Structures are given as C-alpha cells and as structure tokens.
$ cat entry_14.csv   # CSV, N, CA and C atoms
chain,number,residue,atom,x,y,z
A,4,MET,N,-22.5,12.4,9.3
A,4,MET,CA,-21.3,12.4,10.2
A,4,MET,C,-20.7,11.0,10.1
A,5,ASN,N,-19.4,11.0,9.9
A,5,ASN,CA,-18.6,9.8,9.8
A,5,ASN,C,-17.8,9.7,11.1
A,6,ASN,N,-17.5,8.5,11.5
A,6,ASN,CA,-16.6,8.2,12.7
A,6,ASN,C,-15.5,7.3,12.2
A,7,MET,N,-14.3,7.5,12.8
A,7,MET,CA,-13.2,6.6,12.5
A,7,MET,C,-12.2,6.8,13.6
A,8,VAL,N,-11.3,5.8,13.7
A,8,VAL,CA,-10.2,5.8,14.6
A,8,VAL,C,-9.0,6.3,13.9
A,9,CYS,N,-8.3,7.3,14.4
A,9,CYS,CA,-7.0,7.7,13.8
A,9,CYS,C,-6.0,6.7,14.1
A,10,ILE,N,-5.2,6.3,13.0
A,10,ILE,CA,-4.1,5.3,13.1
A,10,ILE,C,-2.7,5.9,13.0
A,11,LEU,N,-2.6,7.2,13.1
A,11,LEU,CA,-1.3,7.8,12.9
A,11,LEU,C,-0.4,7.7,14.1
A,12,CYS,N,-0.9,7.5,15.3
A,12,CYS,CA,-0.1,7.3,16.5
A,12,CYS,C,-0.8,6.3,17.4
A,13,PRO,N,-0.2,5.9,18.5
A,13,PRO,CA,-0.8,4.9,19.4
A,13,PRO,C,-2.0,5.4,20.2
A,14,LYS,N,-2.2,6.7,20.2
A,14,LYS,CA,-3.3,7.2,21.0
A,14,LYS,C,-4.7,6.7,20.4
A,15,GLY,N,-4.8,6.6,19.1
A,15,GLY,CA,-6.0,6.1,18.5
A,15,GLY,C,-7.3,6.9,18.8
A,16,CYS,N,-7.2,8.2,18.5
A,16,CYS,CA,-8.3,9.1,18.8
A,16,CYS,C,-9.5,8.7,18.0
A,17,LEU,N,-10.7,8.8,18.6
A,17,LEU,CA,-11.9,8.6,17.9
A,17,LEU,C,-12.3,9.9,17.2
A,18,LEU,N,-12.3,9.9,15.9
A,18,LEU,CA,-12.6,11.1,15.1
A,18,LEU,C,-14.0,11.2,14.6
A,19,ASN,N,-14.6,12.3,14.7
A,19,ASN,CA,-15.9,12.6,14.1
A,19,ASN,C,-15.7,13.6,13.0
A,20,ILE,N,-16.2,13.2,11.8
A,20,ILE,CA,-16.1,14.1,10.6
A,20,ILE,C,-17.5,14.4,10.2
A,21,SER,N,-17.7,15.7,10.1
A,21,SER,CA,-19.0,16.2,9.7
A,21,SER,C,-19.1,16.2,8.2
A,22,ASP,N,-20.3,16.4,7.6
A,22,ASP,CA,-20.5,16.4,6.2
A,22,ASP,C,-19.7,17.5,5.5
A,23,ASN,N,-19.4,18.6,6.2
A,23,ASN,CA,-18.5,19.7,5.6
A,23,ASN,C,-17.1,19.5,6.0
A,24,LEU,N,-16.6,18.3,6.4
A,24,LEU,CA,-15.3,17.9,6.7
A,24,LEU,C,-14.7,18.6,7.9
A,25,ILE,N,-15.5,19.0,8.9
A,25,ILE,CA,-15.0,19.5,10.2
A,25,ILE,C,-14.7,18.3,11.1
A,26,VAL,N,-13.5,18.2,11.6
A,26,VAL,CA,-13.1,17.1,12.3
A,26,VAL,C,-13.0,17.4,13.8
A,27,SER,N,-13.5,16.5,14.7
A,27,SER,CA,-13.4,16.7,16.1
A,27,SER,C,-13.0,15.4,16.7
A,28,GLY,N,-12.5,15.5,18.0
A,28,GLY,CA,-12.1,14.3,18.7
A,28,GLY,C,-10.6,14.0,18.5
A,29,ASN,N,-9.9,14.8,17.7
A,29,ASN,CA,-8.5,14.6,17.5
A,29,ASN,C,-7.7,15.4,18.5
A,30,ILE,N,-6.6,14.9,19.0
A,30,ILE,CA,-5.7,15.6,20.0
A,30,ILE,C,-4.7,16.4,19.2
A,31,CYS,N,-4.3,16.0,18.0
A,31,CYS,CA,-3.3,16.8,17.3
A,31,CYS,C,-3.8,17.1,15.9
A,32,GLN,N,-3.1,17.9,15.1
A,32,GLN,CA,-3.5,18.3,13.8
A,32,GLN,C,-3.4,17.1,12.8
A,33,ASN,N,-2.5,16.2,13.1
A,33,ASN,CA,-2.3,15.0,12.3
A,33,ASN,C,-3.6,14.3,12.1
A,34,GLY,N,-4.4,14.2,13.2
A,34,GLY,CA,-5.7,13.5,13.1
A,34,GLY,C,-6.7,14.2,12.2
A,35,GLU,N,-6.7,15.5,12.2
A,35,GLU,CA,-7.6,16.2,11.3
A,35,GLU,C,-7.2,16.0,9.9
A,36,MET,N,-5.9,16.1,9.6
A,36,MET,CA,-5.4,15.8,8.2
A,36,MET,C,-5.7,14.4,7.8
A,37,TYR,N,-5.5,13.4,8.7
A,37,TYR,CA,-5.7,12.0,8.3
A,37,TYR,C,-7.2,11.8,8.0
A,38,ALA,N,-8.1,12.3,8.8
A,38,ALA,CA,-9.5,12.1,8.6
A,38,ALA,C,-10.0,12.8,7.3
A,39,GLN,N,-9.6,14.0,7.0
A,39,GLN,CA,-10.0,14.6,5.8
A,39,GLN,C,-9.4,13.9,4.6
A,40,GLU,N,-8.2,13.4,4.6
A,40,GLU,CA,-7.6,12.7,3.5
A,40,GLU,C,-8.4,11.3,3.3
A,41,GLU,N,-8.7,10.7,4.4
A,41,GLU,CA,-9.3,9.4,4.4
A,41,GLU,C,-10.7,9.5,3.8
A,42,VAL,N,-11.4,10.6,4.0
A,42,VAL,CA,-12.7,10.8,3.4
A,42,VAL,C,-12.6,11.2,2.0
A,43,LEU,N,-11.7,12.1,1.6
A,43,LEU,CA,-11.6,12.7,0.3
A,43,LEU,C,-10.8,11.8,-0.7
A,44,ASN,N,-9.7,11.3,-0.2
A,44,ASN,CA,-8.8,10.5,-1.1
A,44,ASN,C,-8.1,9.5,-0.4
A,45,PRO,N,-8.7,8.4,0.0
A,45,PRO,CA,-8.0,7.3,0.8
A,45,PRO,C,-6.9,6.6,0.0
A,46,LEU,N,-5.8,6.5,0.6
A,46,LEU,CA,-4.6,5.9,0.0
A,46,LEU,C,-4.1,4.7,0.8
A,47,ARG,N,-3.5,3.7,0.2
A,47,ARG,CA,-3.0,2.5,0.9
A,47,ARG,C,-1.7,2.1,0.2
A,48,THR,N,-0.7,1.8,1.1
A,48,THR,CA,0.5,1.1,0.6
A,48,THR,C,0.2,-0.4,0.6
A,49,LEU,N,0.4,-1.0,-0.6
A,49,LEU,CA,0.0,-2.3,-0.9
A,49,LEU,C,1.2,-3.3,-0.8
A,50,THR,N,1.1,-4.3,0.0
A,50,THR,CA,2.1,-5.3,0.1
A,50,THR,C,1.5,-6.7,-0.3
A,51,SER,N,2.4,-7.5,-0.9
A,51,SER,CA,2.0,-8.8,-1.4
A,51,SER,C,3.2,-9.6,-1.7
A,52,THR,N,3.1,-10.7,-2.4
A,52,THR,CA,4.2,-11.5,-2.9
A,52,THR,C,4.0,-11.9,-4.3
A,53,VAL,N,5.1,-12.2,-5.0
A,53,VAL,CA,5.0,-12.7,-6.4
A,53,VAL,C,5.9,-14.0,-6.5
A,54,TRP,N,5.6,-14.8,-7.5
A,54,TRP,CA,6.4,-16.0,-7.7
A,54,TRP,C,7.8,-15.7,-8.2
A,55,VAL,N,8.7,-16.6,-7.8
A,55,VAL,CA,10.1,-16.5,-8.2
A,55,VAL,C,10.5,-17.9,-8.7
A,56,LYS,N,11.2,-17.9,-9.9
A,56,LYS,CA,11.7,-19.2,-10.4
A,56,LYS,C,13.2,-19.2,-10.2
A,57,GLY,N,13.8,-20.4,-10.0
A,57,GLY,CA,15.2,-20.6,-9.9
A,57,GLY,C,15.8,-20.2,-8.5
A,58,ALA,N,15.0,-20.3,-7.5
A,58,ALA,CA,15.4,-19.9,-6.1
A,58,ALA,C,14.8,-20.9,-5.1
A,59,ALA,N,15.5,-21.0,-4.0
A,59,ALA,CA,14.9,-21.9,-2.9
A,59,ALA,C,13.6,-21.3,-2.4
A,60,LEU,N,13.5,-20.0,-2.3
A,60,LEU,CA,12.3,-19.3,-1.9
A,60,LEU,C,11.4,-19.2,-3.1
A,61,ARG,N,10.2,-19.6,-3.0
A,61,ARG,CA,9.2,-19.6,-4.1
A,61,ARG,C,8.5,-18.3,-4.3
A,62,ARG,N,8.5,-17.5,-3.3
A,62,ARG,CA,7.7,-16.2,-3.4
A,62,ARG,C,8.7,-15.1,-2.9
A,63,CYS,N,8.5,-13.9,-3.5
A,63,CYS,CA,9.3,-12.7,-3.2
A,63,CYS,C,8.3,-11.6,-2.7
A,64,PRO,N,8.5,-11.1,-1.5
A,64,PRO,CA,7.7,-10.0,-1.0
A,64,PRO,C,7.9,-8.7,-1.8
A,65,VAL,N,6.8,-8.0,-2.1
A,65,VAL,CA,6.8,-6.8,-2.9
A,65,VAL,C,5.9,-5.8,-2.2
A,66,LYS,N,6.1,-4.5,-2.5
A,66,LYS,CA,5.2,-3.4,-2.0
A,66,LYS,C,5.2,-2.3,-3.0
A,67,SER,N,4.1,-1.5,-2.9
A,67,SER,CA,4.0,-0.3,-3.7
A,67,SER,C,5.0,0.7,-3.1
A,68,ARG,N,5.8,1.4,-4.0
A,68,ARG,CA,6.8,2.3,-3.5
A,68,ARG,C,6.2,3.5,-2.7
A,69,SER,N,5.0,3.8,-3.0
A,69,SER,CA,4.2,4.8,-2.2
A,69,SER,C,2.8,4.5,-2.3
A,70,PRO,N,1.9,5.1,-1.5
A,70,PRO,CA,0.5,4.7,-1.4
A,70,PRO,C,-0.2,4.9,-2.7
A,71,ILE,N,-1.2,4.0,-3.0
A,71,ILE,CA,-2.0,4.1,-4.2
A,71,ILE,C,-3.4,4.4,-3.8
A,72,PRO,N,-4.3,4.9,-4.7
A,72,PRO,CA,-5.7,5.1,-4.3
A,72,PRO,C,-6.3,3.8,-3.9
A,73,LYS,N,-7.1,3.8,-2.8
A,73,LYS,CA,-7.7,2.7,-2.2
A,73,LYS,C,-8.6,1.9,-3.2
A,74,GLU,N,-9.2,2.6,-4.1
A,74,GLU,CA,-10.1,2.0,-5.0
A,74,GLU,C,-9.4,1.1,-6.1
A,75,LEU,N,-8.1,1.3,-6.2
A,75,LEU,CA,-7.3,0.5,-7.1
A,75,LEU,C,-6.6,-0.8,-6.5
A,76,VAL,N,-6.8,-1.0,-5.2
A,76,VAL,CA,-6.2,-2.1,-4.5
A,76,VAL,C,-6.4,-3.5,-5.2
A,77,PHE,N,-7.7,-3.8,-5.5
A,77,PHE,CA,-8.0,-5.1,-6.1
A,77,PHE,C,-7.4,-5.2,-7.5
A,78,GLU,N,-7.5,-4.2,-8.3
A,78,GLU,CA,-7.0,-4.1,-9.6
A,78,GLU,C,-5.4,-4.3,-9.6
A,79,ALA,N,-4.8,-3.7,-8.6
A,79,ALA,CA,-3.4,-3.8,-8.5
A,79,ALA,C,-3.0,-5.2,-8.1
A,80,MET,N,-3.7,-5.8,-7.2
A,80,MET,CA,-3.4,-7.2,-6.9
A,80,MET,C,-3.6,-8.1,-8.1
A,81,GLN,N,-4.5,-7.8,-9.0
A,81,GLN,CA,-4.7,-8.6,-10.2
A,81,GLN,C,-3.5,-8.5,-11.1
A,82,GLN,N,-2.9,-7.3,-11.1
A,82,GLN,CA,-1.6,-7.1,-11.9
A,82,GLN,C,-0.5,-8.0,-11.4
A,83,LEU,N,-0.5,-8.2,-10.1
A,83,LEU,CA,0.6,-9.0,-9.6
A,83,LEU,C,0.4,-10.5,-9.8
A,84,ASP,N,-0.8,-10.9,-10.1
A,84,ASP,CA,-1.1,-12.4,-10.3
A,84,ASP,C,-0.2,-13.0,-11.4
A,85,SER,N,0.1,-12.3,-12.5
A,85,SER,CA,0.8,-12.9,-13.6
A,85,SER,C,2.3,-12.6,-13.5
A,86,VAL,N,2.8,-12.0,-12.4
A,86,VAL,CA,4.2,-11.7,-12.3
A,86,VAL,C,5.0,-12.9,-11.8
A,87,VAL,N,6.1,-13.2,-12.6
A,87,VAL,CA,7.0,-14.3,-12.2
A,87,VAL,C,8.4,-13.8,-12.4
A,88,LEU,N,9.1,-13.7,-11.3
A,88,LEU,CA,10.5,-13.2,-11.3
A,88,LEU,C,11.4,-14.4,-11.5
A,89,VAL,N,12.6,-14.1,-12.0
A,89,VAL,CA,13.7,-15.1,-12.1
A,89,VAL,C,14.8,-14.6,-11.3
A,90,ALA,N,15.3,-15.6,-10.4
A,90,ALA,CA,16.4,-15.3,-9.5
A,90,ALA,C,17.7,-15.0,-10.3
A,91,PRO,N,18.5,-14.1,-9.8
A,91,PRO,CA,18.5,-13.4,-8.6
A,91,PRO,C,17.5,-12.2,-8.6
A,92,VAL,N,17.0,-11.8,-7.5
A,92,VAL,CA,16.2,-10.7,-7.3
A,92,VAL,C,16.9,-9.8,-6.3
A,93,GLU,N,16.9,-8.5,-6.6
A,93,GLU,CA,17.6,-7.6,-5.6
A,93,GLU,C,16.5,-6.7,-4.9
A,94,GLU,N,16.7,-6.5,-3.6
A,94,GLU,CA,15.9,-5.6,-2.9
A,94,GLU,C,15.8,-4.3,-3.5
A,95,GLY,N,14.6,-3.7,-3.7
A,95,GLY,CA,14.4,-2.5,-4.4
A,95,GLY,C,14.2,-2.6,-5.9
A,96,GLN,N,14.4,-3.8,-6.4
A,96,GLN,CA,14.2,-4.0,-7.9
A,96,GLN,C,12.7,-3.7,-8.2
A,97,VAL,N,12.5,-3.0,-9.3
A,97,VAL,CA,11.2,-2.7,-9.8
A,97,VAL,C,10.6,-4.0,-10.4
A,98,VAL,N,9.4,-4.4,-9.9
A,98,VAL,CA,8.7,-5.6,-10.3
A,98,VAL,C,7.6,-5.3,-11.3
A,99,VAL,N,6.9,-4.2,-11.0
A,99,VAL,CA,5.9,-3.7,-12.0
A,99,VAL,C,6.1,-2.2,-12.1
A,100,GLU,N,6.3,-1.7,-13.3
A,100,GLU,CA,6.7,-0.3,-13.5
A,100,GLU,C,5.6,0.7,-13.1
A,101,ASN,N,4.3,0.4,-13.4
A,101,ASN,CA,3.3,1.4,-13.3
A,101,ASN,C,2.0,0.8,-12.8
A,102,ILE,N,1.7,0.9,-11.5
A,102,ILE,CA,0.6,0.2,-10.9
A,102,ILE,C,-0.7,0.9,-11.4
A,103,CYS,N,-1.5,0.2,-12.2
A,103,CYS,CA,-2.8,0.7,-12.7
A,103,CYS,C,-2.8,2.2,-13.2
A,104,GLY,N,-1.7,2.5,-13.9
A,104,GLY,CA,-1.6,3.9,-14.5
A,104,GLY,C,-1.3,5.0,-13.5
A,105,THR,N,-0.9,4.6,-12.3
A,105,THR,CA,-0.6,5.7,-11.3
A,105,THR,C,0.8,6.2,-11.4
A,106,GLY,N,1.7,5.5,-12.1
A,106,GLY,CA,3.1,5.9,-12.2
A,106,GLY,C,3.9,5.4,-11.0
A,107,ILE,N,3.3,4.7,-10.1
A,107,ILE,CA,3.9,4.2,-8.9
A,107,ILE,C,4.3,2.7,-9.2
A,108,PRO,N,5.6,2.3,-8.9
A,108,PRO,CA,6.0,0.9,-9.1
A,108,PRO,C,5.8,0.0,-7.9
A,109,PHE,N,5.7,-1.3,-8.2
A,109,PHE,CA,5.9,-2.3,-7.1
A,109,PHE,C,7.3,-2.6,-7.1
A,110,VAL,N,7.9,-2.7,-5.9
A,110,VAL,CA,9.3,-3.1,-5.8
A,110,VAL,C,9.5,-4.3,-4.9
A,111,ALA,N,10.6,-5.1,-5.1
A,111,ALA,CA,10.9,-6.2,-4.3
A,111,ALA,C,11.4,-5.7,-2.9
A,112,THR,N,11.0,-6.3,-1.8
A,112,THR,CA,11.4,-5.9,-0.5
A,112,THR,C,12.4,-6.8,0.1
A,113,ARG,N,12.9,-7.8,-0.7
A,113,ARG,CA,13.9,-8.7,-0.2
A,113,ARG,C,14.8,-9.2,-1.4
A,114,SER,N,16.0,-9.4,-1.2
A,114,SER,CA,16.9,-10.0,-2.2
A,114,SER,C,16.8,-11.5,-2.1
A,115,ILE,N,16.7,-12.1,-3.2
A,115,ILE,CA,16.6,-13.6,-3.3
A,115,ILE,C,17.7,-14.1,-4.3
A,116,ASN,N,18.5,-15.0,-3.7
A,116,ASN,CA,19.6,-15.6,-4.5
A,116,ASN,C,19.1,-16.8,-5.3
A,117,PRO,N,19.7,-17.1,-6.4
A,117,PRO,CA,19.4,-18.3,-7.2
A,117,PRO,C,19.8,-19.5,-6.4
A,118,THR,N,19.2,-20.7,-6.7
A,118,THR,CA,19.6,-21.9,-6.1
A,118,THR,C,21.0,-22.3,-6.8
A,119,VAL,N,21.8,-23.0,-6.0
A,119,VAL,CA,23.1,-23.4,-6.5
A,119,VAL,C,23.1,-24.7,-7.1
$ encode --input "entry_14.csv" --output "structure tokens"
Amino acid sequence: MNNMVCILCPKGCLLNISDNLIVSGNICQNGEMYAQEEVLNPLRTLTSTVWVKGAALRRCPVKSRSPIPKELVFEAMQQLDSVVLVAPVEEGQVVVENICGTGIPFVATRSINPTV
C-alpha cells in the first residue's frame, strides 16, 4: 500500500494506492488518475537556467516543453550544464532539441536582449 497527497487541486486528498492500483481517499477522478500515473509512470516538468553571453542578465530561465520521465531529471540537468546561449534570446526559443532522447525540447521562458 502506497500513500501520497494529490497535488492536482488545493484540496490535497490523502490517497491510498493498493498493490493492484486501486485508489481510495480521492474526492474526484482526477486523484485516481494522478495516483495511478504517479505509481506507473511519474512525469515532471523540469525548470532550470542556462548561461547567457552578451547580455546584462547572466542566466536565462528554461523549462521542458512538456513533462519528462522522473528518472531522467538528473540526466536532463546534466545536459543543461554545458549550454551557453548568446543574446538575443527569444521566449520560446529551443535551447536543447531532444532531452535525453525523449523528443521533448527545453525552451527559453524569457526573452533576453543583448547589452548595448
């Protein structure tokens, strides 16, 4: 039996998940779906920053365009360690094309202008 708190809404239901994936403690079906996904295939949207050259701001915030498998989070962060952008950077610009072979890109979440 696993226990977890559902994070899909502010109610924060305490979920109980049996070994055969029967969920109890949820008020809505979203909690059941969340618990089963979290046990079978946990995913995370990853946010971080990368270096920027030629701008007053030295770091640019980035995020995965969609959630990636939780077990790839540390490997994905290592991919970002060597990334250095050159200003200008546009919001939505692809920073890494393919995170750990998932086909999901990292994108910039802020535009950064070059220094004048």
$ residues_around --input "entry_14.csv" --residues "stretch 96-105 of chain A" --least-positions-apart "2" --cutoff "8 Å" --atoms "only C-alpha atoms" --output "MDAnalysis selection string"
chainID A and resid 65 67 71 75 78:79 82:83 86 88 92:94 107:111
$ residues_around --input "entry_14.csv" --residues "A:Asn116" --least-positions-apart "6" --cutoff "6.5 Å" --atoms "all atoms listed in the file" --output "ChimeraX atom specification"
/A:57-59,90-92
$ closest_residue --input "entry_14.csv" --among "A:Val119, A:Val53, A:Val76, A:Met4" --to "A:Val89" --atoms "only C-alpha atoms"
A:Val53
$ select_by_dssp --input "entry_14.csv" --residues "stretch 13-50 of chain A" --states "strand (DSSP E or B)" --output "list in words"
Leu17, Leu18, Asn19, Ile20, Val26, Ser27, Leu46, Arg47 and Thr50 of chain A
$ atom_distance --input "entry_14.csv" --atom1 "atom CA of A:Leu43" --atom2 "atom CA of A:Pro13"
23.3 Å
$ residues_around --input "entry_14.csv" --residues "A:Asp84" --least-positions-apart "3" --cutoff "9 Å" --atoms "only C-alpha atoms" --output "list in words"
Val53, Trp54, Met80, Gln81 and Val87 of chain A
$ atom_distance --input "entry_14.csv" --atom1 "atom CA of A:Cys16" --atom2 "atom CA of A:Met36"
12.9 Å
$ build_atoms --input "entry_14.csv" --residues "stretch 9-32 of chain A" --atoms "N, CA, C and O atoms" --output "PDB file, in the coordinates of the input"
ATOM      1  N   CYS A   9      -8.300   7.300  14.400  1.00  0.00           N
ATOM      2  CA  CYS A   9      -7.000   7.700  13.800  1.00  0.00           C
ATOM      3  C   CYS A   9      -6.000   6.700  14.100  1.00  0.00           C
ATOM      4  O   CYS A   9      -5.800   6.188  15.167  1.00  0.00           O
ATOM      5  N   ILE A  10      -5.200   6.300  13.000  1.00  0.00           N
ATOM      6  CA  ILE A  10      -4.100   5.300  13.100  1.00  0.00           C
ATOM      7  C   ILE A  10      -2.700   5.900  13.000  1.00  0.00           C
ATOM      8  O   ILE A  10      -1.769   5.138  12.890  1.00  0.00           O
ATOM      9  N   LEU A  11      -2.600   7.200  13.100  1.00  0.00           N
ATOM     10  CA  LEU A  11      -1.300   7.800  12.900  1.00  0.00           C
ATOM     11  C   LEU A  11      -0.400   7.700  14.100  1.00  0.00           C
ATOM     12  O   LEU A  11       0.828   7.805  14.000  1.00  0.00           O
ATOM     13  N   CYS A  12      -0.900   7.500  15.300  1.00  0.00           N
ATOM     14  CA  CYS A  12      -0.100   7.300  16.500  1.00  0.00           C
ATOM     15  C   CYS A  12      -0.800   6.300  17.400  1.00  0.00           C
ATOM     16  O   CYS A  12      -1.988   5.995  17.204  1.00  0.00           O
ATOM     17  N   PRO A  13      -0.200   5.900  18.500  1.00  0.00           N
ATOM     18  CA  PRO A  13      -0.800   4.900  19.400  1.00  0.00           C
ATOM     19  C   PRO A  13      -2.000   5.400  20.200  1.00  0.00           C
ATOM     20  O   PRO A  13      -2.684   4.609  20.763  1.00  0.00           O
ATOM     21  N   LYS A  14      -2.200   6.700  20.200  1.00  0.00           N
ATOM     22  CA  LYS A  14      -3.300   7.200  21.000  1.00  0.00           C
ATOM     23  C   LYS A  14      -4.700   6.700  20.400  1.00  0.00           C
ATOM     24  O   LYS A  14      -5.629   6.535  21.200  1.00  0.00           O
ATOM     25  N   GLY A  15      -4.800   6.600  19.100  1.00  0.00           N
ATOM     26  CA  GLY A  15      -6.000   6.100  18.500  1.00  0.00           C
ATOM     27  C   GLY A  15      -7.300   6.900  18.800  1.00  0.00           C
ATOM     28  O   GLY A  15      -8.298   6.439  19.251  1.00  0.00           O
ATOM     29  N   CYS A  16      -7.200   8.200  18.500  1.00  0.00           N
ATOM     30  CA  CYS A  16      -8.300   9.100  18.800  1.00  0.00           C
ATOM     31  C   CYS A  16      -9.500   8.700  18.000  1.00  0.00           C
ATOM     32  O   CYS A  16      -9.405   8.324  16.792  1.00  0.00           O
ATOM     33  N   LEU A  17     -10.700   8.800  18.600  1.00  0.00           N
ATOM     34  CA  LEU A  17     -11.900   8.600  17.900  1.00  0.00           C
ATOM     35  C   LEU A  17     -12.300   9.900  17.200  1.00  0.00           C
ATOM     36  O   LEU A  17     -12.632  10.881  17.898  1.00  0.00           O
ATOM     37  N   LEU A  18     -12.300   9.900  15.900  1.00  0.00           N
ATOM     38  CA  LEU A  18     -12.600  11.100  15.100  1.00  0.00           C
ATOM     39  C   LEU A  18     -14.000  11.200  14.600  1.00  0.00           C
ATOM     40  O   LEU A  18     -14.560  10.140  14.228  1.00  0.00           O
ATOM     41  N   ASN A  19     -14.600  12.300  14.700  1.00  0.00           N
ATOM     42  CA  ASN A  19     -15.900  12.600  14.100  1.00  0.00           C
ATOM     43  C   ASN A  19     -15.700  13.600  13.000  1.00  0.00           C
ATOM     44  O   ASN A  19     -15.133  14.619  13.165  1.00  0.00           O
ATOM     45  N   ILE A  20     -16.200  13.200  11.800  1.00  0.00           N
ATOM     46  CA  ILE A  20     -16.100  14.100  10.600  1.00  0.00           C
ATOM     47  C   ILE A  20     -17.500  14.400  10.200  1.00  0.00           C
ATOM     48  O   ILE A  20     -18.292  13.591   9.811  1.00  0.00           O
ATOM     49  N   SER A  21     -17.700  15.700  10.100  1.00  0.00           N
ATOM     50  CA  SER A  21     -19.000  16.200   9.700  1.00  0.00           C
ATOM     51  C   SER A  21     -19.100  16.200   8.200  1.00  0.00           C
ATOM     52  O   SER A  21     -18.085  16.029   7.477  1.00  0.00           O
ATOM     53  N   ASP A  22     -20.300  16.400   7.600  1.00  0.00           N
ATOM     54  CA  ASP A  22     -20.500  16.400   6.200  1.00  0.00           C
ATOM     55  C   ASP A  22     -19.700  17.500   5.500  1.00  0.00           C
ATOM     56  O   ASP A  22     -19.301  17.383   4.313  1.00  0.00           O
ATOM     57  N   ASN A  23     -19.400  18.600   6.200  1.00  0.00           N
ATOM     58  CA  ASN A  23     -18.500  19.700   5.600  1.00  0.00           C
ATOM     59  C   ASN A  23     -17.100  19.500   6.000  1.00  0.00           C
ATOM     60  O   ASN A  23     -16.338  20.521   6.027  1.00  0.00           O
ATOM     61  N   LEU A  24     -16.600  18.300   6.400  1.00  0.00           N
ATOM     62  CA  LEU A  24     -15.300  17.900   6.700  1.00  0.00           C
ATOM     63  C   LEU A  24     -14.700  18.600   7.900  1.00  0.00           C
ATOM     64  O   LEU A  24     -13.460  18.846   8.001  1.00  0.00           O
ATOM     65  N   ILE A  25     -15.500  19.000   8.900  1.00  0.00           N
ATOM     66  CA  ILE A  25     -15.000  19.500  10.200  1.00  0.00           C
ATOM     67  C   ILE A  25     -14.700  18.300  11.100  1.00  0.00           C
ATOM     68  O   ILE A  25     -15.605  17.449  11.256  1.00  0.00           O
ATOM     69  N   VAL A  26     -13.500  18.200  11.600  1.00  0.00           N
ATOM     70  CA  VAL A  26     -13.100  17.100  12.300  1.00  0.00           C
ATOM     71  C   VAL A  26     -13.000  17.400  13.800  1.00  0.00           C
ATOM     72  O   VAL A  26     -12.503  18.494  14.185  1.00  0.00           O
ATOM     73  N   SER A  27     -13.500  16.500  14.700  1.00  0.00           N
ATOM     74  CA  SER A  27     -13.400  16.700  16.100  1.00  0.00           C
ATOM     75  C   SER A  27     -13.000  15.400  16.700  1.00  0.00           C
ATOM     76  O   SER A  27     -13.090  14.352  16.091  1.00  0.00           O
ATOM     77  N   GLY A  28     -12.500  15.500  18.000  1.00  0.00           N
ATOM     78  CA  GLY A  28     -12.100  14.300  18.700  1.00  0.00           C
ATOM     79  C   GLY A  28     -10.600  14.000  18.500  1.00  0.00           C
ATOM     80  O   GLY A  28     -10.031  13.179  19.218  1.00  0.00           O
ATOM     81  N   ASN A  29      -9.900  14.800  17.700  1.00  0.00           N
ATOM     82  CA  ASN A  29      -8.500  14.600  17.500  1.00  0.00           C
ATOM     83  C   ASN A  29      -7.700  15.400  18.500  1.00  0.00           C
ATOM     84  O   ASN A  29      -8.085  16.534  18.919  1.00  0.00           O
ATOM     85  N   ILE A  30      -6.600  14.900  19.000  1.00  0.00           N
ATOM     86  CA  ILE A  30      -5.700  15.600  20.000  1.00  0.00           C
ATOM     87  C   ILE A  30      -4.700  16.400  19.200  1.00  0.00           C
ATOM     88  O   ILE A  30      -4.358  17.504  19.681  1.00  0.00           O
ATOM     89  N   CYS A  31      -4.300  16.000  18.000  1.00  0.00           N
ATOM     90  CA  CYS A  31      -3.300  16.800  17.300  1.00  0.00           C
ATOM     91  C   CYS A  31      -3.800  17.100  15.900  1.00  0.00           C
ATOM     92  O   CYS A  31      -4.845  16.535  15.425  1.00  0.00           O
ATOM     93  N   GLN A  32      -3.100  17.900  15.100  1.00  0.00           N
ATOM     94  CA  GLN A  32      -3.500  18.300  13.800  1.00  0.00           C
ATOM     95  C   GLN A  32      -3.400  17.100  12.800  1.00  0.00           C
ATOM     96  O   GLN A  32      -4.016  17.107  11.774  1.00  0.00           O
TER      97      GLN A  32
END
